[in-house]
Structures are given as C-alpha cells and as structure tokens.
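Here's coords-v7.cif, which has mmCIF, C-alpha atoms:
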data_my_file
#
loop_
_atom_site.label_atom_id
_atom_site.label_comp_id
_atom_site.auth_asym_id
_atom_site.auth_seq_id
_atom_site.Cartn_x
_atom_site.Cartn_y
_atom_site.Cartn_z
CA MET A 1 80.45 85.93 139.26
CA PRO A 2 83.98 86.91 140.30
CA GLU A 3 86.15 88.59 137.71
CA THR A 4 89.88 88.43 137.16
CA GLN A 5 91.62 91.78 136.99
CA THR A 6 92.28 91.35 133.29
CA ALA A 7 88.72 90.34 132.53
CA ARG A 8 87.48 93.45 134.33
CA GLN A 9 89.89 95.68 132.40
CA VAL A 10 89.27 94.09 129.04
CA ALA A 11 85.50 93.94 129.36
CA ARG A 12 85.24 97.71 129.16
CA ARG A 13 86.54 97.57 125.62
CA PHE A 14 84.08 94.98 124.44
CA ALA A 15 81.02 97.10 123.90
CA ALA A 16 82.96 99.98 122.41
CA GLY A 17 84.96 97.90 120.00
CA PHE A 18 82.90 94.90 118.99
CA ALA A 19 82.05 96.39 115.62
CA LEU A 20 85.53 95.69 114.34
CA LEU A 21 85.28 91.97 115.04
CA VAL A 22 85.45 90.23 111.70
CA ALA A 23 86.80 86.89 112.83
CA ALA A 24 89.50 87.14 115.49
CA ILE A 25 92.14 89.42 114.03
CA LEU A 26 90.12 92.60 114.68
CA ALA A 27 89.63 91.90 118.36
CA VAL A 28 92.72 93.93 119.16
CA PHE A 29 90.75 97.09 118.46
CA CYS A 30 88.23 96.10 121.05
CA PHE A 31 90.57 95.23 123.86
CA ALA A 32 93.81 97.15 123.52
CA PRO A 33 94.75 97.53 127.22
CA ARG A 34 95.42 101.22 127.68
CA LEU A 35 93.67 103.89 129.70
CA ALA A 36 90.37 102.87 131.24
CA PHE A 37 87.66 103.58 128.69
CA ALA A 38 85.69 106.77 129.20
CA VAL A 39 82.45 107.35 127.37
CA THR A 40 83.41 110.81 126.23
CA GLY A 41 86.94 111.40 127.48
CA ALA A 42 88.33 114.89 127.88
CA ARG A 43 86.61 117.61 125.92
CA SER A 44 88.37 118.67 122.77
CA PRO A 45 88.82 122.38 122.02
CA PRO A 46 86.02 124.04 120.03
CA ILE A 47 86.32 123.17 116.36
CA PRO A 48 85.41 125.03 113.20
CA SER A 49 82.09 124.14 111.68
CA ALA A 50 82.18 122.73 108.19
CA SER A 51 80.05 122.55 105.12
CA LEU A 52 78.62 119.85 102.91
CA PRO A 53 76.74 120.40 99.66
CA GLY A 54 73.79 122.62 100.53
CA SER A 55 71.33 120.41 98.67
CA LEU A 56 71.56 117.60 101.19
CA PRO A 57 68.30 117.15 103.12
CA GLY A 58 68.32 118.64 106.59
CA LEU A 59 71.76 120.17 106.29
CA SER A 60 71.99 123.63 107.81
CA VAL A 61 75.47 124.34 109.06
CA PRO A 62 75.74 126.94 111.87
CA PRO A 63 78.32 129.72 111.80
CA ALA A 64 81.90 128.67 112.20
CA ARG A 65 83.32 128.44 115.69
CA PRO A 66 86.85 129.82 116.21
CA ALA A 67 89.62 127.24 116.04
CA PRO A 68 92.72 127.27 118.23
CA PRO A 69 96.03 128.15 116.58
CA ASP A 70 97.77 125.45 114.61
CA VAL A 71 100.46 123.55 116.45
CA ASP A 72 103.98 124.26 115.21
CA ARG A 73 105.37 120.82 114.42
CA SER A 74 108.35 122.04 112.44
CA ASP A 75 111.90 121.38 113.63
CA GLY A 76 113.10 124.85 112.76
CA THR A 77 115.04 123.70 109.70
CA THR A 78 112.54 124.92 107.11
CA ALA A 79 110.99 128.24 106.23
CA ARG A 80 107.42 126.90 106.12
CA GLY A 81 106.57 127.78 109.71
CA SER A 82 103.72 125.92 111.43
CA VAL A 83 102.36 122.73 109.92
CA GLN A 84 98.71 121.87 110.36
CA ALA A 85 98.18 118.20 111.10
CA GLN A 86 95.51 116.56 108.99
CA PRO A 87 92.83 114.30 110.48
CA ALA A 88 92.50 110.73 109.29
CA HIS A 89 90.42 110.50 106.13
CA MET A 90 88.42 107.51 107.47
CA PRO A 91 85.45 106.02 105.55
CA PHE A 92 82.56 108.49 105.38
CA TYR A 93 79.47 108.25 103.17
CA VAL A 94 76.22 110.13 102.61
CA ALA A 95 73.07 108.10 101.94
CA THR A 96 70.04 110.00 100.62
CA LYS A 97 66.51 109.03 99.67
CA GLY A 98 64.30 112.00 98.88
CA GLN A 99 64.53 114.34 101.86
CA VAL A 100 65.96 111.65 104.14
CA ALA A 101 69.71 111.67 104.80
CA ILE A 102 71.89 109.24 106.73
CA TYR A 103 75.55 110.02 107.31
CA VAL A 104 77.64 106.86 107.72
CA LEU A 105 81.09 106.90 109.33
CA GLY A 106 83.32 103.83 109.64
CA THR A 107 85.09 103.87 112.98
CA LEU A 108 88.04 102.38 114.79
CA HIS A 109 87.55 101.98 118.51
CA VAL A 110 91.13 102.75 119.45
CA GLY A 111 93.66 104.92 117.69
CA TYR A 112 96.52 107.39 117.88
CA ALA A 113 96.50 111.06 118.84
CA ASP A 114 97.60 111.98 115.32
CA ASP A 115 94.34 110.55 113.96
CA TYR A 116 92.44 113.45 115.58
CA PRO A 117 94.43 116.72 115.57
CA ALA A 118 93.25 119.09 118.30
CA SER A 119 92.59 121.95 115.89
CA GLN A 120 90.42 119.79 113.61
CA PRO A 121 89.81 116.21 114.78
CA PHE A 122 87.66 115.29 111.76
CA ARG A 123 87.47 116.27 108.11
CA LYS A 124 85.17 119.19 107.36
CA PRO A 125 82.41 117.12 105.71
CA ILE A 126 82.23 114.95 108.83
CA LEU A 127 82.05 117.96 111.13
CA GLY A 128 79.34 119.51 108.98
CA ALA A 129 77.28 116.33 109.09
CA LEU A 130 77.61 116.16 112.88
CA ASP A 131 76.40 119.74 113.17
CA ALA A 132 73.43 118.95 110.94
CA SER A 133 72.29 115.77 112.69
CA PRO A 134 69.90 115.80 115.67
CA THR A 135 70.79 112.14 116.32
CA LEU A 136 74.17 110.45 116.71
CA ALA A 137 73.70 106.67 116.47
CA LEU A 138 76.49 104.42 117.78
CA GLU A 139 76.56 100.65 118.02
CA ILE A 140 75.35 100.75 121.61
CA SER A 141 74.23 103.65 123.76
CA PRO A 142 76.53 105.32 126.33
CA ASP A 143 74.23 104.02 129.09
CA ASP A 144 74.72 100.43 127.93
CA LEU A 145 78.45 100.99 127.68
CA LEU A 146 78.62 101.90 131.36
CA VAL A 147 77.35 98.47 132.42
CA SER A 148 79.13 96.43 129.77
CA ALA A 149 81.98 95.26 132.02
CA ASP A 150 79.72 93.30 134.37
CA GLU A 151 77.82 91.73 131.49
CA VAL A 152 80.94 90.60 129.66
CA SER A 153 82.35 89.16 132.87
CA LYS A 154 79.06 87.39 133.55
CA TYR A 155 79.01 85.64 130.19
CA GLY A 156 82.73 85.40 129.40
CA ALA A 157 84.58 84.72 132.67
CA CYS A 158 84.62 81.65 134.93
CA ARG A 159 85.16 81.18 138.67
CA THR A 160 87.84 78.57 138.04
CA PRO A 161 90.17 77.74 135.12
CA CYS A 162 87.53 76.54 132.67
CA LEU A 163 89.20 77.15 129.32
CA PRO A 164 91.23 73.90 129.16
CA ARG A 165 88.08 71.80 129.20
CA TYR A 166 86.59 73.77 126.29
CA LEU A 167 89.66 73.26 124.08
CA THR A 168 91.33 70.30 122.48
CA ASP A 169 94.60 69.25 124.07
CA ALA A 170 96.49 70.44 121.00
CA LEU A 171 94.89 73.90 121.05
CA TRP A 172 95.46 74.32 124.78
CA LYS A 173 99.14 73.35 124.42
CA LYS A 174 99.49 75.85 121.58
CA LEU A 175 98.03 78.55 123.80
CA GLU A 176 100.39 77.61 126.64
CA THR A 177 103.32 77.90 124.26
CA ARG A 178 102.16 81.33 123.09
CA MET A 179 101.82 82.57 126.68
CA ARG A 180 105.20 81.18 127.78
CA GLY A 181 106.89 83.90 129.81
CA ASN A 182 103.55 85.47 130.82
CA PRO A 183 102.04 83.09 133.39
CA ALA A 184 99.80 85.74 134.92
CA MET A 185 98.11 86.37 131.59
CA LEU A 186 97.77 82.64 130.95
CA ASP A 187 96.06 82.32 134.33
CA ASP A 188 93.61 85.06 133.40
CA ILE A 189 92.93 83.54 129.99
CA SER A 190 92.38 80.12 131.54
CA ARG A 191 89.44 81.60 133.49
CA SER A 192 87.59 82.67 130.37
CA ARG A 193 85.43 81.03 127.75
CA PRO A 194 86.96 80.59 124.30
CA TRP A 195 85.41 83.69 122.71
CA LEU A 196 86.80 85.95 125.44
CA ALA A 197 90.10 84.06 125.45
CA SER A 198 90.42 84.98 121.79
CA MET A 199 90.11 88.66 122.66
CA LEU A 200 92.67 88.39 125.45
CA VAL A 201 95.21 86.70 123.19
CA GLU A 202 94.85 89.53 120.69
CA THR A 203 95.40 92.03 123.48
CA VAL A 204 98.70 90.46 124.43
CA ASP A 205 99.82 90.46 120.79
CA THR A 206 99.10 94.14 120.31
CA LEU A 207 100.63 95.70 123.42
CA LYS A 208 103.40 97.15 121.27
CA ALA A 209 101.01 98.73 118.77
CA ASP A 210 100.42 101.53 121.31
CA PHE A 211 96.79 102.22 120.38
CA GLN A 212 94.70 104.06 122.97
CA THR A 213 90.98 103.90 123.69
CA GLU A 214 90.78 107.65 124.28
CA PHE A 215 91.53 108.06 120.58
CA GLY A 216 88.78 105.73 119.44
CA THR A 217 86.43 107.32 116.92
CA GLU A 218 83.29 107.06 119.06
CA THR A 219 84.94 108.84 121.97
CA GLN A 220 86.22 111.61 119.73
CA LEU A 221 82.83 112.00 118.02
CA GLN A 222 81.07 112.50 121.32
CA ASN A 223 83.70 115.02 122.34
CA VAL A 224 82.70 117.28 119.44
CA TYR A 225 78.99 116.48 119.25
CA LEU A 226 77.82 119.59 121.07
CA ARG A 227 74.26 120.04 119.82
CA PRO A 228 72.22 121.14 122.89
CA ARG A 229 69.14 119.21 121.78
CA GLY A 230 70.93 116.35 120.10
CA ARG A 231 70.77 112.79 121.37
CA VAL A 232 73.20 109.87 121.33
CA VAL A 233 71.53 106.48 120.88
CA GLY A 234 72.45 102.84 120.30
CA LEU A 235 71.64 100.78 117.22
CA GLU A 236 71.52 97.58 119.24
CA THR A 237 71.25 96.60 122.88
CA LEU A 238 74.14 95.35 124.96
CA ASN A 239 72.42 91.96 125.20
CA GLU A 240 72.16 91.74 121.41
CA GLN A 241 75.82 92.58 121.02
CA ILE A 242 77.09 90.09 123.59
CA SER A 243 74.76 87.40 122.24
CA ALA A 244 76.65 87.47 118.96
CA PHE A 245 79.43 85.71 120.88
CA THR A 246 77.61 83.73 123.53
CA GLN A 247 75.43 82.07 120.88
CA LEU A 248 78.43 80.80 118.95
CA THR A 249 78.91 77.06 119.22
CA GLN A 250 81.93 75.69 121.04
CA ALA A 251 83.42 74.70 117.68
CA GLN A 252 83.00 78.26 116.39
CA GLN A 253 84.58 79.73 119.51
CA ARG A 254 87.52 77.35 119.22
CA GLU A 255 87.93 78.43 115.60
CA MET A 256 88.17 82.06 116.72
CA LEU A 257 90.94 81.25 119.17
CA ALA A 258 92.75 78.99 116.72
CA GLN A 259 92.88 81.81 114.19
CA ASP A 260 94.59 84.05 116.75
CA LEU A 261 97.38 81.51 117.17
CA VAL A 262 98.19 80.97 113.48
CA GLN A 263 100.64 83.85 113.21
CA THR A 264 103.36 85.17 115.47
CA PRO A 265 102.56 88.13 117.73
CA ALA A 266 104.68 90.36 115.51
CA GLU A 267 102.70 89.31 112.44
CA ASN A 268 99.42 90.04 114.20
CA VAL A 269 100.65 93.50 115.21
CA ALA A 270 101.69 94.19 111.62
CA ASP A 271 98.19 93.28 110.46
CA VAL A 272 96.60 95.62 112.97
CA LYS A 273 98.78 98.47 111.79
CA GLU A 274 97.86 97.70 108.18
CA LEU A 275 94.18 97.79 109.07
CA HIS A 276 94.72 101.17 110.71
CA ARG A 277 96.53 102.43 107.60
CA LEU A 278 93.68 101.36 105.33
CA TRP A 279 91.14 102.97 107.65
CA ARG A 280 93.02 106.26 107.46
CA ILE A 281 92.75 106.09 103.65
CA GLY A 282 88.98 105.73 103.99
CA ASP A 283 87.82 103.16 101.40
CA ALA A 284 85.25 100.85 103.01
CA ASP A 285 85.30 98.28 100.20
CA ALA A 286 89.09 98.08 100.25
CA LEU A 287 88.99 97.52 104.00
CA LYS A 288 86.46 94.72 103.65
CA ALA A 289 88.40 93.06 100.82
CA TRP A 290 91.58 93.13 102.89
CA ASP A 291 89.80 91.64 105.88
CA ASP A 292 88.17 88.90 103.81
CA ALA A 293 91.56 87.90 102.43
CA LYS A 294 92.99 87.88 105.94
CA THR A 295 90.20 85.70 107.26
CA GLU A 296 90.69 83.29 104.36
CA LYS A 297 94.35 82.99 105.26
CA LEU A 298 93.83 82.49 108.99
CA ALA A 299 90.78 80.20 108.92
CA ARG A 300 91.38 76.68 110.14
CA SER A 301 87.88 75.70 109.00
CA LYS A 302 86.42 77.72 106.14
CA GLN A 303 82.90 76.66 107.08
CA LEU A 304 83.25 77.72 110.72
CA ALA A 305 84.90 80.98 109.68
CA ARG A 306 81.92 81.82 107.46
CA GLN A 307 79.52 81.00 110.27
CA ILE A 308 81.41 83.29 112.67
CA ASP A 309 81.39 86.12 110.14
CA ASN A 310 77.65 85.72 109.61
CA ARG A 311 76.99 85.88 113.34
CA VAL A 312 79.29 88.65 114.49
CA VAL A 313 79.23 90.86 111.38
CA VAL A 314 76.58 90.17 108.75
CA ASP A 315 73.57 89.62 111.03
CA ARG A 316 74.40 92.86 112.78
CA ASN A 317 74.76 94.69 109.46
CA TYR A 318 71.11 93.94 108.73
CA ARG A 319 70.13 95.14 112.19
CA PHE A 320 72.12 98.37 111.86
CA ALA A 321 70.67 99.18 108.45
CA ALA A 322 67.08 98.51 109.47
CA ARG A 323 67.27 100.53 112.66
CA VAL A 324 69.05 103.55 111.24
CA VAL A 325 66.46 103.76 108.44
CA ALA A 326 63.71 103.64 111.06
CA MET A 327 65.35 106.53 112.94
CA ALA A 328 65.79 108.82 109.94
CA ALA A 329 63.06 111.25 108.88
CA PRO A 330 62.72 113.99 106.25
CA ASN A 331 65.02 116.88 107.10
CA LYS A 332 66.14 115.14 110.30
CA PRO A 333 69.40 113.39 109.39
CA VAL A 334 70.95 110.63 111.45
CA PHE A 335 74.71 110.40 111.86
CA MET A 336 75.60 106.71 112.16
CA ALA A 337 79.07 105.73 113.42
CA ILE A 338 79.83 101.99 113.37
CA GLY A 339 82.89 99.81 112.96
CA ALA A 340 84.53 100.35 109.58
CA LEU A 341 84.35 96.68 108.62
CA HIS A 342 80.56 96.75 108.76
CA LEU A 343 80.37 99.15 105.81
CA GLY A 344 81.85 97.53 102.70
CA GLY A 345 81.12 94.43 100.67
CA SER A 346 77.99 92.95 99.14
CA ARG A 347 76.39 92.43 102.57
CA GLY A 348 77.74 95.56 104.22
CA VAL A 349 75.64 98.41 105.54
CA LEU A 350 76.27 100.58 102.48
CA ALA A 351 75.00 97.87 100.14
CA LEU A 352 71.99 97.25 102.38
CA LEU A 353 71.09 100.94 102.30
CA ARG A 354 71.29 100.92 98.50
CA LYS A 355 68.91 97.95 98.44
CA ARG A 356 66.48 100.08 100.45
CA GLY A 357 66.52 102.73 97.76
CA PHE A 358 69.19 105.07 99.09
CA VAL A 359 71.80 106.71 96.90
CA VAL A 360 75.10 106.24 98.72
CA ASP A 361 78.17 108.31 97.85
CA PRO A 362 81.55 108.86 99.54
CA ALA A 363 82.04 112.31 101.04
#
Hey, can you dump this file as structure tokens for me?
Amino acid sequence: MPETQTARQVARRFAAGFALLVAAILAVFCFAPRLAFAVTGARSPPIPSASLPGSLPGLSVPPARPAPPDVDRSDGTTARGSVQAQPAHMPFYVATKGQVAIYVLGTLHVGYADDYPASQPFRKPILGALDASPTLALEISPDDLLVSADEVSKYGACRTPCLPRYLTDALWKKLETRMRGNPAMLDDISRSRPWLASMLVETVDTLKADFQTEFGTETQLQNVYLRPRGRVVGLETLNEQISAFTQLTQAQQREMLAQDLVQTPAENVADVKELHRLWRIGDADALKAWDDAKTEKLARSKQLARQIDNRVVVDRNYRFAARVVAMAAPNKPVFMAIGALHLGGSRGVLALLRKRGFVVDPA
C-alpha cells in the first residue's frame, strides 16, 4: 500500500512511543517529527557504574568505569567553576519477590538533551540496575521496531483520501479548520484512518515543543546497556501493539481524534511540557492522576474514552506484567522499560506486580 511522506516519517515513531498513549494527548511523544528514529542512536561516552542496596537479588555491580570530565556550563560570573548537569529523575522502581528482582523504569519516547547529561545520562540506581540485569525488556524488540513503518502504513494509511468518509461532517470541518494554513499536512491526514489521523494532528500541535527522538529513554538506555552477554527483548509483538488501535471501533477512533481538537495547539503543547515536567520528577502515580484528569477534561464521550483507555493502556498493562514475571528468575533480574503512564494507578504495572506478590518500592 502506498505511503504518504508524512505517514512514512511518522510511522517510525509509532512502535517506539505507543506506550505513552493514554487517550490522544500523549500521542505527541510517539510522533514528534524530528530526526529519523534510530534504534540505538550514537553511542554515549562510557559512564560510571552505580550501586543499589547490596541485598537486592542478583545485583552485583562491576567496578566503576571512568567518566568524562564535567561540562563547564557556568557563564564565568560565579566562583563555583564547572556545574554538573543532573539527569532526569524519572519514575524508577524495584520489585522483589524472594530472590527475583524486576527493575521498572517509566520512559518517555522523545525528550531533550538535558534529560540525559553526557557524563551521567541516568541516575546511579538506574545505571546499577542496568549493569546487574542480563535482560533489558522494552515494549517491542529492536527487530520489530525496524519493520514498524511498513506495518503502520499498511494498517493506518489509505491509497486515496479516506478520512472524510470515516468522520462526521462536523468533525471533518473542525479538522479542516485546525489545518487551515497547512494544506499539505491536511492532505496527508486525509489519507489516514482516524487513529493515525489523531497521531498526526498531535504531531502538528507539538512542532514547537522541540522534543527529539534521539533523546527518548529507550534509545538512551540501549546506548549504555553494554553487557556483552545481555539481551534486549520485547514484551509484546508489533502485531499486538498495532492491534490495540486497529481493533478500536470507528466510534472509538473518532473519539480519539475529537479529543485532539478540543484545545488549541498552544494548549496541547503546554500539556505535553507539563507531562514532561512530571516525568522528570519521577512519581508514577502523580503522572497517572494527571493524565486521568486530562482525559476526563478532553473526553467527548466518557464511555468511549474509558473503552479506549482499556484497549490501549490497561490491557497492555496486564500483558507487560505477566510477561516480565515470566522472564524473571532467581538472581537473574530483568530491567523493564515501558511508557511512564503504564506504571501508576490501580490497574498500572506496579499495582499488578504487587498483586502477584512482589514488594515494589521507588528507587
């Protein structure tokens, strides 16, 4: 099936960023149109190893690697000399059950350079957990990510302008009004199904946020995951991830798009920046509470909004929890990195791990 240029560009972000999709507002983190997505990006400099409490199962931190000098960010007006940039705090938890340990990191799939300082891109507990884990589990595997563009185009793009016939006249006119002044983008959006149109609208609204895919958490994690015998695996298949959208009803897909058009582009950008701020603080439950309140505000149909959340977030939470538990073994920790909005709340991954008998604590 032919692809528009935008659909080809945007599709690369889908697999890497889908975890942040709680209703439509989080789609910007999946599809921010910046540099073409690379699975690992450029290698970061060697980083110092870190330590976690020595009692954690499987944790044996190797000797520290030398770190490069701190970058002097001072303007010469103070006597403090060089200032070491601090990595984002980001949500990070340790789940233990006997001698089984699972490290859980909440990710954003795009970000800023300042989120990952070159001298220490992650907090020391996170680096220590990476060093200790023979398995790094992401939402999908790097191999699946490489073929994601074709699959998203196959299921999300159309040969001809198909979107108008999926939408009500009122919703289509609202979309036309939003895209006034950007006819090329409207043409691309018109050749997509409603769920992909929702993602494209969010992309347009967040161009000024200046996020970059090379500073997404998964990319940065793989840059520093240097274990020679370690493996990087997926917690779900590409087909399972895409199906969360393609199996939505037309009414549910229209609800996604309608939510994107409630606020002005500037208001949507402000929300994205607030989400990023909360992620840097690192409280998974606070992130989830903020997102729930946002969805409540944007929802045109509360019932449809709940159904979307169940499909694209909650169902996958259960899958993530079950599969990471199956991967973990005594003294063989698994480091799980998934979208931050999958972690918190009563049906989040952290709660599901507790229901399986794990003790879960922030680190």
Item checked: Nearest residue to Gln259 of chain A from the set A:Trp195, A:Phe320, A:Phe335, A:Phe358 (distances using all atoms listed in the file) ->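 That would be A:Trp195, the residue with the smallest distance to Gln259 of chain A.
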Check: Just so the selection is clear, what residues does the PyMOL selection byres ((chain A and resi 88-97) around 6) cover here, as a list in words?
Finding: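 This file, filtered by the PyMOL selection byres ((chain A and resi 88-97) around 6), leaves Pro87, Gly98, Val100, Ala101, Ile102, Tyr103, Val104, Leu105, Gly106, Asp115, Trp279, Arg280, Ile281, Gly282, Asp283, Ala284, Phe358, Val359, Val360, Asp361, Pro362 and Ala363 of chain A.
Considering all atoms listed in the file, the residue among A:Arg254, A:Ile140, A:Leu226, A:Asp131 positioned nearest to Pro164 of chain A is A:Arg254.
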Check: Which residue gives the smallest distance to Ile242 of chain A among A:Pro121, A:Met256, A:Ser148, A:Ala351, with only C-alpha atoms counted?
Finding: A:Ser148
Note to self: So the first atom is atom CA of Val313 of chain A and the second is atom CA of Phe215 of chain A; what is the distance between them in Å, to one decimal place?
What the structure shows: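 We find that atom CA of Val313 of chain A and atom CA of Phe215 of chain A lie 23.1 Å from each other.
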Complete the atoms of segment 160-187 of chain A to N, CA and C atoms and put them out as a PDB file, in the frame of the given file.
ATOM      1  N   THR A 160      86.648  79.408 138.008  1.00  0.00           N
ATOM      2  CA  THR A 160      87.840  78.570 138.040  1.00  0.00           C
ATOM      3  C   THR A 160      88.389  78.436 136.628  1.00  0.00           C
ATOM      4  N   PRO A 161      89.601  77.913 136.469  1.00  0.00           N
ATOM      5  CA  PRO A 161      90.170  77.740 135.120  1.00  0.00           C
ATOM      6  C   PRO A 161      89.320  76.783 134.277  1.00  0.00           C
ATOM      7  N   CYS A 162      88.459  77.346 133.452  1.00  0.00           N
ATOM      8  CA  CYS A 162      87.530  76.540 132.670  1.00  0.00           C
ATOM      9  C   CYS A 162      87.977  76.337 131.220  1.00  0.00           C
ATOM     10  N   LEU A 163      88.866  77.183 130.735  1.00  0.00           N
ATOM     11  CA  LEU A 163      89.200  77.150 129.320  1.00  0.00           C
ATOM     12  C   LEU A 163      89.769  75.803 128.867  1.00  0.00           C
ATOM     13  N   PRO A 164      90.666  75.161 129.655  1.00  0.00           N
ATOM     14  CA  PRO A 164      91.230  73.900 129.160  1.00  0.00           C
ATOM     15  C   PRO A 164      90.181  72.858 128.803  1.00  0.00           C
ATOM     16  N   ARG A 165      89.081  72.830 129.508  1.00  0.00           N
ATOM     17  CA  ARG A 165      88.080  71.800 129.200  1.00  0.00           C
ATOM     18  C   ARG A 165      87.250  72.138 127.961  1.00  0.00           C
ATOM     19  N   TYR A 166      87.288  73.395 127.514  1.00  0.00           N
ATOM     20  CA  TYR A 166      86.590  73.770 126.290  1.00  0.00           C
ATOM     21  C   TYR A 166      87.435  73.507 125.042  1.00  0.00           C
ATOM     22  N   LEU A 167      88.754  73.365 125.221  1.00  0.00           N
ATOM     23  CA  LEU A 167      89.660  73.260 124.080  1.00  0.00           C
ATOM     24  C   LEU A 167      90.149  71.830 123.896  1.00  0.00           C
ATOM     25  N   THR A 168      90.618  71.549 122.693  1.00  0.00           N
ATOM     26  CA  THR A 168      91.330  70.300 122.480  1.00  0.00           C
ATOM     27  C   THR A 168      92.687  70.392 123.162  1.00  0.00           C
ATOM     28  N   ASP A 169      93.284  69.240 123.443  1.00  0.00           N
ATOM     29  CA  ASP A 169      94.600  69.250 124.070  1.00  0.00           C
ATOM     30  C   ASP A 169      95.607  69.993 123.214  1.00  0.00           C
ATOM     31  N   ALA A 170      95.530  69.795 121.902  1.00  0.00           N
ATOM     32  CA  ALA A 170      96.490  70.440 121.000  1.00  0.00           C
ATOM     33  C   ALA A 170      96.344  71.960 121.029  1.00  0.00           C
ATOM     34  N   LEU A 171      95.099  72.452 121.047  1.00  0.00           N
ATOM     35  CA  LEU A 171      94.890  73.900 121.050  1.00  0.00           C
ATOM     36  C   LEU A 171      95.314  74.510 122.379  1.00  0.00           C
ATOM     37  N   TRP A 172      95.031  73.807 123.478  1.00  0.00           N
ATOM     38  CA  TRP A 172      95.460  74.320 124.780  1.00  0.00           C
ATOM     39  C   TRP A 172      96.986  74.377 124.871  1.00  0.00           C
ATOM     40  N   LYS A 173      97.677  73.348 124.384  1.00  0.00           N
ATOM     41  CA  LYS A 173      99.140  73.350 124.420  1.00  0.00           C
ATOM     42  C   LYS A 173      99.697  74.478 123.540  1.00  0.00           C
ATOM     43  N   LYS A 174      99.044  74.751 122.437  1.00  0.00           N
ATOM     44  CA  LYS A 174      99.490  75.850 121.580  1.00  0.00           C
ATOM     45  C   LYS A 174      99.330  77.180 122.284  1.00  0.00           C
ATOM     46  N   LEU A 175      98.238  77.325 123.033  1.00  0.00           N
ATOM     47  CA  LEU A 175      98.030  78.550 123.800  1.00  0.00           C
ATOM     48  C   LEU A 175      99.067  78.676 124.911  1.00  0.00           C
ATOM     49  N   GLU A 176      99.355  77.581 125.593  1.00  0.00           N
ATOM     50  CA  GLU A 176     100.390  77.610 126.640  1.00  0.00           C
ATOM     51  C   GLU A 176     101.739  78.041 126.067  1.00  0.00           C
ATOM     52  N   THR A 177     102.052  77.529 124.901  1.00  0.00           N
ATOM     53  CA  THR A 177     103.320  77.900 124.260  1.00  0.00           C
ATOM     54  C   THR A 177     103.337  79.385 123.933  1.00  0.00           C
ATOM     55  N   ARG A 178     102.230  79.914 123.425  1.00  0.00           N
ATOM     56  CA  ARG A 178     102.160  81.330 123.090  1.00  0.00           C
ATOM     57  C   ARG A 178     102.336  82.199 124.342  1.00  0.00           C
ATOM     58  N   MET A 179     101.786  81.763 125.466  1.00  0.00           N
ATOM     59  CA  MET A 179     101.820  82.570 126.680  1.00  0.00           C
ATOM     60  C   MET A 179     103.053  82.275 127.545  1.00  0.00           C
ATOM     61  N   ARG A 180     103.990  81.480 127.029  1.00  0.00           N
ATOM     62  CA  ARG A 180     105.200  81.180 127.780  1.00  0.00           C
ATOM     63  C   ARG A 180     105.909  82.496 128.130  1.00  0.00           C
ATOM     64  N   GLY A 181     106.272  82.656 129.371  1.00  0.00           N
ATOM     65  CA  GLY A 181     106.890  83.900 129.810  1.00  0.00           C
ATOM     66  C   GLY A 181     105.882  84.893 130.366  1.00  0.00           C
ATOM     67  N   ASN A 182     104.585  84.584 130.277  1.00  0.00           N
ATOM     68  CA  ASN A 182     103.550  85.470 130.820  1.00  0.00           C
ATOM     69  C   ASN A 182     102.524  84.619 131.576  1.00  0.00           C
ATOM     70  N   PRO A 183     102.947  83.995 132.668  1.00  0.00           N
ATOM     71  CA  PRO A 183     102.040  83.090 133.390  1.00  0.00           C
ATOM     72  C   PRO A 183     100.824  83.783 133.970  1.00  0.00           C
ATOM     73  N   ALA A 184     100.954  85.040 134.360  1.00  0.00           N
ATOM     74  CA  ALA A 184      99.800  85.740 134.920  1.00  0.00           C
ATOM     75  C   ALA A 184      98.710  85.904 133.876  1.00  0.00           C
ATOM     76  N   MET A 185      99.103  86.248 132.649  1.00  0.00           N
ATOM     77  CA  MET A 185      98.110  86.370 131.590  1.00  0.00           C
ATOM     78  C   MET A 185      97.499  85.022 131.248  1.00  0.00           C
ATOM     79  N   LEU A 186      98.312  83.969 131.220  1.00  0.00           N
ATOM     80  CA  LEU A 186      97.770  82.640 130.950  1.00  0.00           C
ATOM     81  C   LEU A 186      96.752  82.255 132.012  1.00  0.00           C
ATOM     82  N   ASP A 187      97.013  82.616 133.259  1.00  0.00           N
ATOM     83  CA  ASP A 187      96.060  82.320 134.330  1.00  0.00           C
ATOM     84  C   ASP A 187      94.745  83.044 134.100  1.00  0.00           C
TER      85      ASP A 187
END
